[in-house]
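J.: Before we start, here is the structure in question, set down as structure tokens.
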2 protein chains.
Amino acid sequence: MTATAPHLLAAHRQLLAGTTLAELFARDPDRFARLSFAWDGWLVDLSKERVGADTLPLLVAQAMAAGLPGWIAALFAGEKVNQSERRPALHTALRRPGDAPLLVDGHDIIPDIRAALSRMRTLAAQVRAGLRVGATGRPIRAVVNLGIGGSDLGPLLVCSALAPPPRARASTGPQTQGVDVSFVANVDPEHLTRALAPLDPATTLFIVTSKTFTTQETLANAASAKAWLVAALGKGVDVNSHFVAVTGNSAAARAFGTASADVFPLWDWVGGRYSLWSPAGLPIALKLGFERFEKLLAGAASVDTHFREEPLERNLPVLLGLVGWWNATQLGHAERVVVPYAQALFRLPAYLQQLVLESNGKRVGRDGGALTGPTSAALWGEAGTNGQHAFFQWLHQGTREAPVEFIVPITATHPLANQQTLLIANALAQAQALLVGRSPEAIRTELLARGMTAADLDAAVAARTCPGNRASTMLLMPELSSYRLGQLLALYEHRTFVEAVLYGINPFDQFGVELGKTLAGPIVAALAGAAVLPPGTDASTRGLVAHVLAQPGLTGR
Amino acid sequence: MTATAPHLLAAHRQLLAGTTLAELFARDPDRFARLSFAWDGWLVDLSKERVGADTLPLLVAQAMAAGLPGWIAALFAGEKVNQSERRPALHTALRRPGDAPLLVDGHDIIPDIRAALSRMRTLAAQVRAGLRVGATGRPIRAVVNLGIGGSDLGPLLVCSALAPPPRARASTGPQTQGVDVSFVANVDPEHLTRALAPLDPATTLFIVTSKTFTTQETLANAASAKAWLVAALGKGVDVNSHFVAVTGNSAAARAFGTASADVFPLWDWVGGRYSLWSPAGLPIALKLGFERFEKLLAGAASVDTHFREEPLERNLPVLLGLVGWWNATQLGHAERVVVPYAQALFRLPAYLQQLVLESNGKRVGRDGGALTGPTSAALWGEAGTNGQHAFFQWLHQGTREAPVEFIVPITATHPLANQQTLLIANALAQAQALLVGRSPEAIRTELLARGMTAADLDAAVAARTCPGNRASTMLLMPELSSYRLGQLLALYEHRTFVEAVLYGINPFDQFGVELGKTLAGPIVAALAGAAVLPPGTDASTRGLVAHVLAQPGLTGR
């Protein structure tokens with residue numbers, strides 16, 4: 001990777017290392033104005049990150065040297081930016097307005113996308129109107145999504161973020177539109193068992209989403225779901241109308257029994273963790289209606305345009321990605337903490353874990369060469385204010401700094417006004433606390449005023465001191481609507497791509513997940529008593545298998 | 001802190017640094033037997049952690065030098081191990097069998113505990129039998145827990161881990177025992193709004209849990225809950241029978257309107273994150289029945305005895321804590337990843353985040369002196385197998401090593417036997433994959449056999465190579481019952497204490513969370529238009545407040 005001369009970055013880093021964030025604010029009265037970026041109702045405030053006024057130009061130069069503008073163009077043009085799998089990564093095509101052709105290996109994919117979206121619209125309308133019926137002729141009222149990873153986390157996030165509250169049990173009016181949508185990912189049968197317990201087989205539809213239609217968790221759950229239907233509806237009954245498939249392997253889906261009209265495409269030019277915009281987003285359209293799914297797409301498309309057209313210096317995903325790269329590689333932060341101040345986004349960190357860590361948890365460059373520096377930091381978090389009562393102690397007084405990303409939708413959709421003010425104030429106050437800390441002098445004064453005796457004072461002051469000088473980013477979004485959520489997710493998709501370009505890696509493959517699947521095979525056979533472990537298996541794996549086999553109650557043998 | 005001579009540890013670390021885990025296995029055929037520890041049906045396998053056969057004795061010596069046996073005795077005896085707040089930390093008293101006195105400031109707390117448990121038993125029995133009625137005389141059918149942090153995460157974890165599947169909607173038999181229990185923590189009013197939507201005010205009971213009865217989130221939600229009841233049941237109706245309080249400030253609870261008989265104690269000798277064993281565990285008793293709550297306590301008590309009596313060399317929480325300290329301070333790992341292979345435990349990482357990071361995210365010693373080394377690593381995770389499709393790519397091929405803790409209940413409670421085998425096999429296979437990796441040579445052979453041409457081979461091999469040599473701990477537990485879950489949680493409580501002793505910190509205070517609360521006050525006032533921000537407020541906080549105030553749709557002004 002060509003790049004800004006490393007000594008420039010290192011010298012700059014050194015310069016900042018001796019300076020606190022508070023000093024940076026003191027030095028430059030325009031720091032907030034200079035380092036906060038408004039766009040389309042959003043405000044992204046980078047002024048509390050450990051960057052000087054001259055850091056961003058240096059990072060932009062780094063991005064130019066890494067060829068970022070060319071990579072952005074290549075991404076949208078459908079070039080094979082996923083080199084190791086020789087595929088384009090065209091999640092942006094799924095939300096692109098207009099009918100201008102987009103060729104993949106000489107084939108225009110836009111009509112395919114339009115056709116798939118149209119079929120999604122039809123299915124969503126049918127199910128929501130009670131016109132889709134199961135084997136007994138009764139209308140479908142509940143949908144269970146069977147999928148894992150990208151076939152689970154994205155649709156689940158959107159459904160839980162945007163779902164209206166469930167209808168009041170006390171209401172006695174006519175049944176309104178809308179279906180109950182739940183998600184089952186884990187191969188742990190407890191997951192499926194719990195999801196099915198409240199459901200009526202006669203009115204339940206399953207969506208089976210798997211690009212290959214071989215994903216072990218999803219296919220195991222699909223088989224168990226079919227058995228549940230047959231057990232309830234009778235052996236002679238054809239339960240295939242209770243299944244819809246989303247897959248790139250339509251032959252396998254049809255072999256499972258799904259009617260051709262119920263098989264939706266999942267193309268190889270869209271990765272699982274980027275697939276919620278595709279038919280993998282069917283649960284969204286079913287739960288919220290196709291119109292809200294379209295608004296989600298439109299929001300993402302607006303960020304796509306921004307990402308393609310805005311100069312790097314004012315380009316939000318670029319700026320976020322540059323600071324992320326700076327934190328992870330130049331400042332050496334091992335992690336990023338994401339805290340959405342919105343209970344509806346409580347699964348956003350789990351979604352972002354897949355997006356970011358599966359994309360940028362790599363250790364070789366695009367050409368297969370070893371990298372010299374680190375790649376993605378870890379990413380975790382919980383909703384605020386909940387996190388304040390869990391891990392914020394560690395953020396404020398632990399010995400390790402982890403930059404925090406605060407995500408705050410401003411306008412509430414509910415009537416409890418004073419609590420919304422508390423929510424937003426807490427987000428701003430926590431970011432402020434990380435920045436300014438609380439000095440021993442201030443605490444000493446306060447404790448003396450409260451009458452603490454000198455004997456206890458020193459330890460009490462030390463226990464209460466917060467060093468501050470800890471970095472954070474604040475993202476203020478106007479509200480949590482379909483459109484704005486689409487923007488948020490596209491912002492994070494593109495910033496992840498920006499970081500990948502700077503790391504010099506391919507964010508669109510995930511070969512690291514294959515080994516575990518391969519190794520599971522012999523262990524399954526050993527636990528089932530069908531085979532012994534291969535020679536050369538390590539002593540720990542052998543010992544653990546022996547322990548499991550010795551348990552009296554293991555189900556499955 | 002007195003301790004093993006640092007040069008001994010450093011020399012030992014150096015010795016291991018040049019050695020892979022695979023080499024450690026190759027050198028010592030008894031490694032698994034030596035480094036895996038069985039107790040009461042559990043197996044804790046430390047053989048895949050980066051320790052040699054002689055590391056554990058060195059760590060035990062470190063623990064002895066830090067006075068661990070004395071600290072354990074002090075913890076159980078009710079000495080004021082929470083020095084900064086001059087309190088004991090007596091969560092173990094809550095589950096201690098027998099009536100032997102335990103004095104806190106000369107007062108025997110055991111009768112208080114017995115009385116509180118007895119009242120919990122009575123309330124649980126009444127509610128579950130439909131004998132507790134609301135203001136309109138109808139029996140309570142739903143319970144909403146209002147609490148945050150320790151008043152939320154522990155009870156929520158236990159209820160979601162152990163809850164039976166909801167009753168089938170199709171069932172038409174007589175109403176069975178058991179109540180619907182939900183949890184609202186966030187000050188975000190969306191949380192409460194969604195929880196209340198399906199509930200009938202006439203049959204809903206709220207538990208308000210707050211040690212001080214001033215927790216802003218909880219009191220705001222309690223006020224909103226009361227308004228919801230009054231709006232539905234009528235202004236003249238006394239809705240106080242719809243509230244139960246768990247608090248150390250009974251006067252405030254009574255002032256809120258709660259009847260004395262409905263106020264349960266929360267003592268100052270139990271910290272929030274250790275309080276699920278106290279009346280803060282009421283939601284557990286209400287949802288699962290008091291008998292299962294008692295089994296939870298009994299499980300924890302069995303680990304308490306083990307922790308007190310077992311020699312350090314075979315003491316599970318001690319061993320786990322020693323390895324955790326070794327990883328965090330000597331090997332420099334910035335994080336721990338916890339992956340329970342049980343969907344029912346999907347909120348365990350969130351619970352452990354509070355337990356571990358609020359306890360051990362500290363930067364000064366017990367005496368207030370600055371520490372020389374790091375304290376707790378970060379902790380995060382998700383349920384397996386889900387995590388395999390999200391962040392395991394990063395674990396296997398990222399540039400940063402994060403030790404993984406696999407937690408695997410063996411025996412399933414459901415009938416889908418083959419899926420349980422898959423679940424366990426996946427856990428063992430992932431740990432194996434982290435250990436052994438996948439060499440370039442093996443991949444090259446495989447790809448050549450599959451017909452890949454030489455031109456593509458090098459990059460393809462590099463993309464698929466997994467370095468292995470990454471550490472993990474495996475905890476096999478017999479099953480996920482009340483008793484076993486109590487054991488699991490007590491194991492993690494005590495290992496957290498062990499790490500604190502080695503860090504030389506007080507794990508029982510949390511002064512770092514105060515600053516943010518203090519700073520929120522002026523921001524709330526500014527957002528409400530009631531005041532301007534104090535002079536000296538940083539430019540970022542000012543700018544963000546101004547942006548929020550400029551939004552057209554902010555609720556709350």
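Ligands are numbered from 1 in the order shown, chains are lettered A, B, ... in the order of the structure tokens, and residues start at 1 in each chain.
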Excluding same-chain residues fewer than 3 positions from Ala370 (chain A), what lies within 12 Å of it counting only C-alpha atoms, as a list in words?
T.: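 Answer for this query is Met1, Lys362, Arg363, Val364, Gly365, Arg366, Asp367, Gly373, Pro374, Thr375, Tyr503, Gly504 and Ile505 of chain A; Gln397, Gly398, Thr399, Asp458, Ala459, Val461, Ala462, Ala463, Thr465 and Pro467 of chain B.
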J.: Would you please give, as a JSON list (two decimals) with C-alpha atoms, in the first residue's frame, all residues of region 135-376 of chain A that DSSP assigns to strand (DSSP E) based on the backbone?
T.:
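Here's the written file out_39.json:
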[["chain", "number", "residue", "atom", "x", "y", "z"],
["A", 142, "ALA", "CA", -46.65, -15.26, 12.30],
["A", 143, "VAL", "CA", -43.32, -15.39, 10.51],
["A", 144, "VAL", "CA", -40.17, -17.04, 11.82],
["A", 145, "ASN", "CA", -36.91, -16.10, 10.13],
["A", 146, "LEU", "CA", -34.40, -18.95, 10.03],
["A", 180, "ASP", "CA", -45.62, -11.28, 14.33],
["A", 181, "VAL", "CA", -42.00, -11.77, 13.17],
["A", 182, "SER", "CA", -39.43, -13.63, 15.21],
["A", 183, "PHE", "CA", -35.85, -14.70, 14.55],
["A", 184, "VAL", "CA", -34.11, -18.01, 15.14],
["A", 204, "THR", "CA", -46.88, -19.82, 10.79],
["A", 205, "LEU", "CA", -44.60, -19.10, 7.84],
["A", 206, "PHE", "CA", -40.85, -19.78, 7.87],
["A", 207, "ILE", "CA", -38.29, -17.82, 5.88],
["A", 208, "VAL", "CA", -35.17, -19.92, 5.30],
["A", 209, "THR", "CA", -32.29, -17.65, 4.35],
["A", 243, "PHE", "CA", -41.83, -22.03, 3.72],
["A", 244, "VAL", "CA", -40.21, -19.26, 1.74],
["A", 245, "ALA", "CA", -36.53, -19.48, 0.81],
["A", 246, "VAL", "CA", -33.97, -16.75, 0.18],
["A", 247, "THR", "CA", -30.92, -18.29, -1.40],
["A", 263, "VAL", "CA", -37.72, -18.92, -3.73],
["A", 264, "PHE", "CA", -36.14, -15.46, -3.62],
["A", 265, "PRO", "CA", -32.67, -14.75, -4.95],
["A", 335, "GLU", "CA", -11.23, -1.62, 20.82],
["A", 336, "ARG", "CA", -14.12, 0.68, 19.96],
["A", 337, "VAL", "CA", -17.19, 0.92, 22.15],
["A", 338, "VAL", "CA", -20.50, 1.77, 20.45],
["A", 339, "VAL", "CA", -23.28, 3.10, 22.67],
["A", 340, "PRO", "CA", -26.58, 3.95, 20.98]]
J.: Quick one: pick out all helix (DSSP H, G or I) residues within region 379-448 of chain A from a backbone DSSP run and write them as number ranges by chain.
T.: A: 386-389, 392-397, 417-436, 440-448
J.: Restricted to N, CA and C atoms, what would the selected residues look like written as a tab-separated table (two decimals), in the first residue's frame?
T.:
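Printed below is again-v4.tsv as written:
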chain	number	residue	atom	x	y	z
A	386	ASN	N	-28.32	2.35	29.76
A	386	ASN	CA	-28.04	1.09	30.46
A	386	ASN	C	-26.55	0.88	30.70
A	387	GLY	N	-25.75	1.12	29.66
A	387	GLY	CA	-24.31	0.89	29.78
A	387	GLY	C	-23.67	1.71	30.89
A	388	GLN	N	-24.25	2.88	31.18
A	388	GLN	CA	-23.69	3.72	32.26
A	388	GLN	C	-23.70	2.98	33.58
A	389	HIS	N	-24.64	2.08	33.74
A	389	HIS	CA	-24.76	1.32	34.99
A	389	HIS	C	-24.08	-0.05	34.87
A	392	PHE	N	-19.47	1.63	32.18
A	392	PHE	CA	-18.90	2.98	32.09
A	392	PHE	C	-17.88	3.26	33.20
A	393	GLN	N	-18.01	2.59	34.34
A	393	GLN	CA	-16.99	2.68	35.38
A	393	GLN	C	-15.61	2.40	34.78
A	394	TRP	N	-15.54	1.35	34.00
A	394	TRP	CA	-14.29	0.92	33.35
A	394	TRP	C	-13.81	1.98	32.36
A	395	LEU	N	-14.78	2.56	31.61
A	395	LEU	CA	-14.41	3.60	30.64
A	395	LEU	C	-13.81	4.82	31.34
A	396	HIS	N	-14.40	5.18	32.48
A	396	HIS	CA	-13.98	6.42	33.15
A	396	HIS	C	-12.74	6.24	34.02
A	397	GLN	N	-12.64	5.09	34.66
A	397	GLN	CA	-11.54	4.92	35.65
A	397	GLN	C	-10.67	3.69	35.43
A	417	ALA	N	-41.98	13.14	27.27
A	417	ALA	CA	-41.02	14.14	26.83
A	417	ALA	C	-39.85	14.31	27.78
A	418	ASN	N	-40.12	14.41	29.07
A	418	ASN	CA	-39.03	14.74	29.98
A	418	ASN	C	-37.98	13.65	30.00
A	419	GLN	N	-38.40	12.40	29.77
A	419	GLN	CA	-37.41	11.32	29.77
A	419	GLN	C	-36.51	11.40	28.54
A	420	GLN	N	-37.01	11.88	27.43
A	420	GLN	CA	-36.17	12.03	26.24
A	420	GLN	C	-35.08	13.07	26.50
A	421	THR	N	-35.42	14.13	27.19
A	421	THR	CA	-34.42	15.13	27.56
A	421	THR	C	-33.34	14.51	28.45
A	422	LEU	N	-33.77	13.72	29.41
A	422	LEU	CA	-32.80	13.04	30.29
A	422	LEU	C	-31.88	12.14	29.47
A	423	LEU	N	-32.47	11.43	28.52
A	423	LEU	CA	-31.69	10.49	27.69
A	423	LEU	C	-30.59	11.23	26.94
A	424	ILE	N	-30.96	12.29	26.25
A	424	ILE	CA	-29.98	13.03	25.45
A	424	ILE	C	-28.94	13.69	26.36
A	425	ALA	N	-29.39	14.26	27.46
A	425	ALA	CA	-28.46	14.92	28.37
A	425	ALA	C	-27.43	13.92	28.90
A	426	ASN	N	-27.88	12.71	29.17
A	426	ASN	CA	-26.94	11.70	29.65
A	426	ASN	C	-25.86	11.39	28.62
A	427	ALA	N	-26.25	11.28	27.36
A	427	ALA	CA	-25.26	11.00	26.32
A	427	ALA	C	-24.22	12.11	26.27
A	428	LEU	N	-24.69	13.35	26.24
A	428	LEU	CA	-23.74	14.46	26.16
A	428	LEU	C	-22.87	14.55	27.41
A	429	ALA	N	-23.47	14.27	28.57
A	429	ALA	CA	-22.71	14.36	29.82
A	429	ALA	C	-21.64	13.28	29.91
A	430	GLN	N	-21.95	12.09	29.42
A	430	GLN	CA	-20.94	11.03	29.49
A	430	GLN	C	-19.75	11.35	28.59
A	431	ALA	N	-20.04	11.88	27.40
A	431	ALA	CA	-18.94	12.25	26.50
A	431	ALA	C	-18.12	13.38	27.13
A	432	GLN	N	-18.82	14.30	27.76
A	432	GLN	CA	-18.12	15.40	28.45
A	432	GLN	C	-17.25	14.86	29.58
A	433	ALA	N	-17.80	13.94	30.36
A	433	ALA	CA	-17.05	13.36	31.48
A	433	ALA	C	-15.79	12.66	31.00
A	434	LEU	N	-15.90	11.93	29.88
A	434	LEU	CA	-14.71	11.27	29.34
A	434	LEU	C	-13.65	12.31	28.97
A	435	LEU	N	-14.10	13.42	28.45
A	435	LEU	CA	-13.18	14.48	28.03
A	435	LEU	C	-12.53	15.20	29.21
A	436	VAL	N	-13.38	15.70	30.12
A	436	VAL	CA	-12.85	16.63	31.14
A	436	VAL	C	-12.40	15.94	32.41
A	440	PRO	N	-8.30	15.84	41.15
A	440	PRO	CA	-8.17	15.63	42.60
A	440	PRO	C	-8.46	16.92	43.37
A	441	GLU	N	-8.05	18.04	42.83
A	441	GLU	CA	-8.25	19.31	43.55
A	441	GLU	C	-9.74	19.59	43.73
A	442	ALA	N	-10.49	19.42	42.65
A	442	ALA	CA	-11.92	19.70	42.72
A	442	ALA	C	-12.60	18.77	43.73
A	443	ILE	N	-12.19	17.53	43.73
A	443	ILE	CA	-12.81	16.56	44.65
A	443	ILE	C	-12.44	16.89	46.09
A	444	ARG	N	-11.16	17.24	46.28
A	444	ARG	CA	-10.70	17.57	47.63
A	444	ARG	C	-11.52	18.72	48.21
A	445	THR	N	-11.70	19.74	47.42
A	445	THR	CA	-12.49	20.89	47.85
A	445	THR	C	-13.90	20.47	48.24
A	446	GLU	N	-14.49	19.65	47.37
A	446	GLU	CA	-15.87	19.22	47.60
A	446	GLU	C	-15.98	18.37	48.87
A	447	LEU	N	-15.03	17.45	49.04
A	447	LEU	CA	-15.11	16.55	50.20
A	447	LEU	C	-14.84	17.30	51.50
A	448	LEU	N	-13.94	18.24	51.45
A	448	LEU	CA	-13.69	19.06	52.64
A	448	LEU	C	-14.94	19.84	53.01
J.: Taking 2 positions as the minimum chain separation for residues in the same chain, which residues sit within 9 Å of Leu157 (chain A) when counting only C-alpha atoms? Answer as a list in words.
T.: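 The residues satisfying every condition are Asp152, Leu153, Gly154, Pro155, Cys159, Ser160, Ala161, Leu162, Ala344, Leu345, Phe346, Arg347, Leu348, Ala350 and Tyr351 of chain A.
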J.: Create the file for the chosen residues now, containing all heavy atoms and written as a CSV table (one decimal), in the first residue's frame.
T.:
chain,number,residue,atom,x,y,z
A,152,ASP,N,-29.6,-12.8,9.7
A,152,ASP,CA,-30.2,-12.7,11.0
A,152,ASP,C,-30.0,-11.3,11.6
A,152,ASP,O,-31.0,-10.6,11.8
A,152,ASP,CB,-29.7,-13.7,12.0
A,152,ASP,CG,-30.2,-13.6,13.4
A,152,ASP,OD1,-31.4,-13.6,13.6
A,152,ASP,OD2,-29.4,-13.4,14.3
A,153,LEU,N,-28.8,-10.9,11.8
A,153,LEU,CA,-28.5,-9.7,12.5
A,153,LEU,C,-29.1,-8.4,11.9
A,153,LEU,O,-29.6,-7.6,12.7
A,153,LEU,CB,-27.0,-9.6,12.7
A,153,LEU,CG,-26.4,-10.6,13.6
A,153,LEU,CD1,-24.9,-10.7,13.5
A,153,LEU,CD2,-26.7,-10.4,15.1
A,154,GLY,N,-29.0,-8.3,10.6
A,154,GLY,CA,-29.5,-7.0,10.0
A,154,GLY,C,-31.0,-6.9,10.1
A,154,GLY,O,-31.5,-6.0,10.6
A,155,PRO,N,-31.7,-7.9,9.5
A,155,PRO,CA,-33.2,-7.9,9.6
A,155,PRO,C,-33.7,-7.8,11.1
A,155,PRO,O,-34.6,-7.0,11.4
A,155,PRO,CB,-33.6,-9.2,9.0
A,155,PRO,CG,-32.5,-9.6,8.0
A,155,PRO,CD,-31.2,-9.1,8.7
A,159,CYS,N,-35.9,-4.7,12.4
A,159,CYS,CA,-37.3,-5.0,12.9
A,159,CYS,C,-37.4,-4.6,14.4
A,159,CYS,O,-38.4,-4.0,14.8
A,159,CYS,CB,-37.6,-6.5,12.8
A,159,CYS,SG,-38.0,-7.0,11.1
A,160,SER,N,-36.4,-4.8,15.2
A,160,SER,CA,-36.5,-4.4,16.6
A,160,SER,C,-36.3,-2.9,16.8
A,160,SER,O,-36.9,-2.3,17.7
A,160,SER,CB,-35.5,-5.2,17.5
A,160,SER,OG,-34.2,-4.9,17.0
A,161,ALA,N,-35.6,-2.3,15.9
A,161,ALA,CA,-35.4,-0.8,16.0
A,161,ALA,C,-36.7,-0.1,15.6
A,161,ALA,O,-37.1,0.9,16.2
A,161,ALA,CB,-34.3,-0.3,15.1
A,162,LEU,N,-37.4,-0.6,14.6
A,162,LEU,CA,-38.5,0.2,14.0
A,162,LEU,C,-39.9,-0.4,14.3
A,162,LEU,O,-40.9,0.3,14.0
A,162,LEU,CB,-38.3,0.3,12.5
A,162,LEU,CG,-37.0,1.0,12.0
A,162,LEU,CD1,-37.0,0.9,10.5
A,162,LEU,CD2,-37.0,2.4,12.5
A,344,ALA,N,-34.3,1.1,21.3
A,344,ALA,CA,-34.6,0.4,20.1
A,344,ALA,C,-33.4,-0.1,19.4
A,344,ALA,O,-33.5,-1.0,18.5
A,344,ALA,CB,-35.5,1.3,19.2
A,345,LEU,N,-32.3,0.5,19.6
A,345,LEU,CA,-31.0,0.1,18.9
A,345,LEU,C,-30.1,-0.8,19.8
A,345,LEU,O,-28.9,-0.9,19.6
A,345,LEU,CB,-30.2,1.4,18.5
A,345,LEU,CG,-30.9,2.2,17.4
A,345,LEU,CD1,-30.0,3.5,17.2
A,345,LEU,CD2,-31.0,1.5,16.1
A,346,PHE,N,-30.8,-1.5,20.7
A,346,PHE,CA,-29.9,-2.2,21.7
A,346,PHE,C,-29.1,-3.4,21.0
A,346,PHE,O,-28.1,-3.8,21.5
A,346,PHE,CB,-30.7,-2.7,22.9
A,346,PHE,CG,-31.4,-4.0,22.7
A,346,PHE,CD1,-30.9,-5.2,23.4
A,346,PHE,CD2,-32.5,-4.2,21.9
A,346,PHE,CE1,-31.5,-6.4,23.3
A,346,PHE,CE2,-33.1,-5.4,21.8
A,346,PHE,CZ,-32.6,-6.5,22.4
A,347,ARG,N,-29.6,-3.8,19.8
A,347,ARG,CA,-28.8,-4.8,19.1
A,347,ARG,C,-27.9,-4.3,18.1
A,347,ARG,O,-27.3,-5.0,17.3
A,347,ARG,CB,-29.8,-5.9,18.5
A,347,ARG,CG,-30.5,-6.7,19.6
A,347,ARG,CD,-29.5,-7.4,20.5
A,347,ARG,NE,-28.9,-8.7,20.0
A,347,ARG,CZ,-27.8,-9.2,20.5
A,347,ARG,NH1,-27.2,-8.7,21.5
A,347,ARG,NH2,-27.4,-10.3,19.9
A,348,LEU,N,-27.8,-2.9,18.0
A,348,LEU,CA,-26.8,-2.4,17.0
A,348,LEU,C,-25.4,-2.8,17.2
A,348,LEU,O,-24.7,-3.2,16.2
A,348,LEU,CB,-26.9,-0.8,17.0
A,348,LEU,CG,-26.0,-0.1,16.0
A,348,LEU,CD1,-26.4,-0.4,14.6
A,348,LEU,CD2,-26.0,1.4,16.3
A,350,ALA,N,-24.3,-5.6,18.3
A,350,ALA,CA,-24.1,-7.0,17.8
A,350,ALA,C,-24.1,-7.0,16.3
A,350,ALA,O,-23.3,-7.7,15.6
A,350,ALA,CB,-25.3,-7.9,18.3
A,351,TYR,N,-24.9,-6.2,15.7
A,351,TYR,CA,-24.9,-6.1,14.2
A,351,TYR,C,-23.6,-5.5,13.7
A,351,TYR,O,-23.0,-6.0,12.7
A,351,TYR,CB,-26.1,-5.1,13.8
A,351,TYR,CG,-26.0,-4.7,12.3
A,351,TYR,CD1,-26.5,-5.5,11.3
A,351,TYR,CD2,-25.5,-3.4,12.0
A,351,TYR,CE1,-26.4,-5.0,10.0
A,351,TYR,CE2,-25.4,-3.0,10.7
A,351,TYR,CZ,-25.8,-3.8,9.7
A,351,TYR,OH,-25.7,-3.4,8.4
J.: Name the residues in contact with Gln83 (chain A) at a cut-off of 9 Å, using only C-alpha atoms, excluding same-chain residues fewer than 2 positions from it; report them as a list in words.
T.: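 Contacts, in chain order: Lys80, Val81, Glu85, Arg86, Arg87, Pro88, Arg366, Asp367, Asn506, Phe508 and Asp509 of chain A.
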J.: Would you mind telling me which residue in B:Ala73, B:Leu533, B:Ala22, B:Met452 lies nearest to chain A when using only C-alpha atoms?
T.: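 So, comparing all the options, the nearest one is B:Ala22.
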